[in-house]
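The structure under discussion appears below in the form of structure tokens.
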Amino acid sequence: MSRCPGQKQLRHLQGQCGRTPGGRGGALRGWCTIDNRVTRVAWLNRSTILYAGNDKWCLDPRVVLLSNTQTQYSIEIQNVDVYDEGPYTCSVQTDNHPKTSRVHLIVQVSPKIVEISSDISINEGNNVSLTCIATGRPEPTVTWRHISPKAVGFVSEDEYLEIQGITREQSGDYECSASNDVAAPVVRRVKVTVNYPPYISEAKGTGVPVGQKGTLQCEASAVPSAEFQWYKDDRRLIEGKKGVKVENRPFLSKLIFFNVSEHDYGNYTCVASNKLGHTNASITLFGPGVVSEVSNGTLRRAGCIWLLPLLVLHLLLKF
């Protein structure tokens with residue numbers, strides 16, 4: 001029984017056989033040019049007789065006789081697949097002398113990704129192994145690429161991608177591409193999420209006069225997103241306290257004072273935490289006339305009392 005291909009290409013080896021190729025799953029035609037000296041004709045696939053004259057010997061319904069005339073003897077294989085690859089022979093009997101012509105069917109199959117790693121969530125510093133298995137004929141080339149504005153070129157030209165000690169900058173989508181020039185490359189993606197503990201990137205203190213609205217701001221980067229808490233001295237500030245509101249977003253927390261009083265001035269601590277750890281920063285709410293400087297999350301204050309010695313010296317010199 002004959003078998004047949006998906007995408008294919010026939011190559012002449014000898015004689016006067018030919019073919020008409022089709023697309024994937026389409027039809028393939030093979031023919032022999034004959035003349036009036038021919039008394040018997042047959043098509044064979046390896047040792048299997050497909051047709052002898054007008055008689056079909058093959059049980060495969062995809063094999064069809066197209067023409068048996070004084071000039072051409074042709075068959076068609078419909079819905080071809082990879083199992084149809086191999087030699088096809090047209091055998092003719094001329095004046096009691098058998099002759100054969102042969103063509104060879106080469107099957108080409110578009111690339112297909114048959115196995116790929118699932119999306120993964122992993123802690124920073126651990127090792128990552130991604131797999132992308134593809135089939136096709138010829139065998140497809142598999143490449144991995146990190147979809148990132150900072151990424152340059154391919155990160156791997158193999159079915160397997162190994163990342164040792166992954167960092168937060170290496171998180172994101174990884175694209176697997178399989179290509180073999182038969183059709184357009186096949187592309188699939190794997191999302192890699194890198195978890196890391198919170199890091200407070202910005203902690204803003206502010207100076208606000210009594211009676212005005214003031215806001216302390218704490219910004220933290222973390223995966224999963226950080227949870228925020230605010231403290232004054234050792235006392236945690238609870239949402240809903242009169243005149244104070246805590247406003248949290250995934251990477252930002254604000255402590256809002258709607259009507260600042262003298263009692264509100266002082267140092268506040270922002271604590272950012274997730275399942276991997278926690279960190280904190282000290283932020284100060286201060287009044288007017290105070291010079292402040294923030295350095296490495298610690299706010300230093302200096303009042304205006306240093307003006308007094310200069311004023312006394314000026315008066316002594318004057319008199």
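Labeling convention for the structure tokens: chains A, B, ... as they appear, residues from 1 per chain, ligands from 1 in order of appearance.
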| query | Would you give me, as an MDAnalysis selection string, the residues in segment 141-240 of chain A that DSSP reads as strand (DSSP E or B)? | reply | chainID A and resid 141:147 156 160:163 172:179 186:204 206:207 214:223 227:232 235:236
| request: Give me the residues within 9 Å of Ser74 of chain A as a PyMOL selection string, counting only C-alpha atoms and dropping any in the same chain fewer than 5 places off. | output: chain A and resi 18-19+29-33+43+64-68
Take the selection from the previous step and output its residues with C-alpha atoms, as a PDB file, in the first residue's frame.
```pdb
ATOM      1  CA  GLY A  18       7.787  13.560 -13.913  1.00  0.00           C
ATOM      2  CA  ARG A  19       5.684  15.037 -11.103  1.00  0.00           C
ATOM      3  CA  ARG A  29       1.170  13.719  -9.733  1.00  0.00           C
ATOM      4  CA  GLY A  30       3.671  11.424 -11.425  1.00  0.00           C
ATOM      5  CA  TRP A  31       3.735  10.643 -15.107  1.00  0.00           C
ATOM      6  CA  CYS A  32       5.571   8.663 -17.798  1.00  0.00           C
ATOM      7  CA  THR A  33       5.847   9.726 -21.412  1.00  0.00           C
ATOM      8  CA  TRP A  43       3.411   2.241 -11.477  1.00  0.00           C
ATOM      9  CA  VAL A  64      -5.767   7.584  -8.381  1.00  0.00           C
ATOM     10  CA  LEU A  65      -5.082   6.848 -12.077  1.00  0.00           C
ATOM     11  CA  LEU A  66      -5.252  10.081 -14.053  1.00  0.00           C
ATOM     12  CA  SER A  67      -4.252   9.106 -17.568  1.00  0.00           C
ATOM     13  CA  ASN A  68      -3.470   6.042 -19.657  1.00  0.00           C
TER      14      ASN A  68
END
```
| query | At what distance in Å, to one decimal, does atom CA of Gln108 of chain A lie from atom CA of Ser177 of chain A? | reply | 18.2 Å
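Once Asn280 of chain A and its same-chain neighbours fewer than 5 positions away are set aside, A:Thr269, A:Cys270, A:Val271, A:Ala272 remain within 7 Å of it when counting only C-alpha atoms.
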File of the preceding selection, N, CA and C atoms, as a PDB file, in the first residue's frame:
```
ATOM      1  N   THR A 269       8.386  55.743  59.859  1.00  0.00           N
ATOM      2  CA  THR A 269       9.071  54.610  59.228  1.00  0.00           C
ATOM      3  C   THR A 269       8.119  53.914  58.257  1.00  0.00           C
ATOM      4  N   CYS A 270       8.593  53.769  57.020  1.00  0.00           N
ATOM      5  CA  CYS A 270       7.860  53.005  56.002  1.00  0.00           C
ATOM      6  C   CYS A 270       8.470  51.607  55.931  1.00  0.00           C
ATOM      7  N   VAL A 271       7.646  50.583  56.098  1.00  0.00           N
ATOM      8  CA  VAL A 271       8.094  49.195  56.026  1.00  0.00           C
ATOM      9  C   VAL A 271       7.444  48.531  54.798  1.00  0.00           C
ATOM     10  N   ALA A 272       8.276  47.990  53.904  1.00  0.00           N
ATOM     11  CA  ALA A 272       7.802  47.277  52.719  1.00  0.00           C
ATOM     12  C   ALA A 272       8.180  45.808  52.861  1.00  0.00           C
TER      13      ALA A 272
END
```
| task | Excluding Glu157 of chain A and any residue of its chain fewer than 3 positions from it, enumerate the residues within 7 Å of it, using only C-alpha atoms, and give them as a ChimeraX atom specification. | result | /A:142-144,154
| said: Residues near Cys176 of chain A, anyone? I mean within 12 Å using only C-alpha atoms, not counting same-chain ones fewer than 5 positions away, as JSON, numbers by chain. | reply: {"A": [112, 113, 114, 115, 116, 117, 130, 131, 132, 133, 134, 140, 141, 142, 143, 144, 145, 146, 147, 154, 155, 156, 157, 158, 159, 160, 161, 185, 186, 187, 188, 189, 190, 191]}
Take the residues that were just selected and, keeping C-alpha atoms, output them as a CSV table (one decimal), in the first residue's frame.
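Ended up saving to out07.csv:
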```
chain,number,residue,atom,x,y,z
A,112,LYS,CA,6.1,22.4,14.6
A,113,ILE,CA,6.8,23.0,18.3
A,114,VAL,CA,5.6,19.8,20.0
A,115,GLU,CA,6.8,20.5,23.6
A,116,ILE,CA,7.7,23.7,25.4
A,117,SER,CA,8.1,24.7,29.0
A,130,LEU,CA,13.7,25.9,29.6
A,131,THR,CA,12.9,23.4,26.9
A,132,CYS,CA,11.5,23.8,23.4
A,133,ILE,CA,11.2,20.6,21.2
A,134,ALA,CA,10.3,21.0,17.5
A,140,PRO,CA,14.3,22.6,12.3
A,141,THR,CA,16.8,25.0,13.9
A,142,VAL,CA,15.6,26.1,17.4
A,143,THR,CA,16.6,29.4,19.0
A,144,TRP,CA,15.7,31.2,22.2
A,145,ARG,CA,15.5,35.0,22.5
A,146,HIS,CA,14.8,37.2,25.5
A,147,ILE,CA,12.1,39.7,24.7
A,154,PHE,CA,19.8,35.2,20.8
A,155,VAL,CA,20.4,33.9,24.3
A,156,SER,CA,20.6,30.3,23.0
A,157,GLU,CA,20.7,28.4,19.7
A,158,ASP,CA,19.6,25.1,21.1
A,159,GLU,CA,16.4,23.3,22.2
A,160,TYR,CA,17.5,23.9,25.9
A,161,LEU,CA,18.0,27.3,27.6
A,185,PRO,CA,9.2,30.0,11.5
A,186,VAL,CA,6.9,28.8,14.3
A,187,VAL,CA,7.1,30.9,17.5
A,188,ARG,CA,6.0,30.2,21.1
A,189,ARG,CA,6.7,32.2,24.3
A,190,VAL,CA,7.4,31.3,27.9
A,191,LYS,CA,7.0,33.9,30.7
```
